[in-house]
Amino acid sequence: ETDPAVKKVWEHHLYQEIAHLQAAAQLLEKYENKHWSEVIPNGAFPELLKFHSNIDYVRDVLRTVSLTAHKEDYMPVQDLPKDYEFFKLQDKINGNVKSVPSHRTIAEYIDEFGQDYRFEVAPHPVVTLRNREKDNISVGRETN
């Protein structure tokens with residue numbers, strides 16, 4: 001973790017987990033008369049996972065994937081017929097999309113701060129989502 005504040009949170013949780021393991025080992029000794037190595041003979045940990053940035057991967061997926069289910073296949077949302085059940089279901093579930101809580105939250109944030117709260121390292125890979133001063137509620141909901 002590169003953010004010092006977030007790193008402190010992770011370290012705090014690590015120390016809590018180590019304390020739990022130590023307490024469990026003490027209870028095992030006290031009540032079972034066993035050393036932890038008798039229960040876990042190979043105390044070696046697997047190789048640690050290496051986390052790295054996935055920004056490029058996610059941006060590529062966003063840029064290239066605009067599919068939704070079409071029966072047993074996939075199809076670009078914009079190529080679906082206007083009367084397709086996908087749109088009927090979206091209208092039934094969300095009705096007035098502007099009243100959906102996530103969209104209301106974004107609109108309120110934009111009203112207060114002038115743009116949405118996305119963290120960006122480059123312009124959005126989906127051109128229609130680049131304007132951060134409005135919530136584009138039509139993406140994935142309309143055909144060409």
# chains A, B, ... in the order shown; residues from 1 in each chain; ligands from 1
call {"tool": "select_by_dssp", "arguments": {"residues": "chain A", "states": "strand (DSSP E or B)", "output": "VMD selection string"}}
result
chain A and resid 67 to 70 73 to 76
call {"tool": "atom_distance", "arguments": {"atom1": "atom CA of His52 of chain A", "atom2": "atom CA of Glu17 of chain A"}}
result
23.8 Å
call {"tool": "residues_around", "arguments": {"residues": "Phe113 of chain A", "least_positions_apart": "5", "cutoff": "10 Å", "atoms": "only C-alpha atoms", "output": "MDAnalysis selection string"}}
result
chainID A and resid 107:108 133
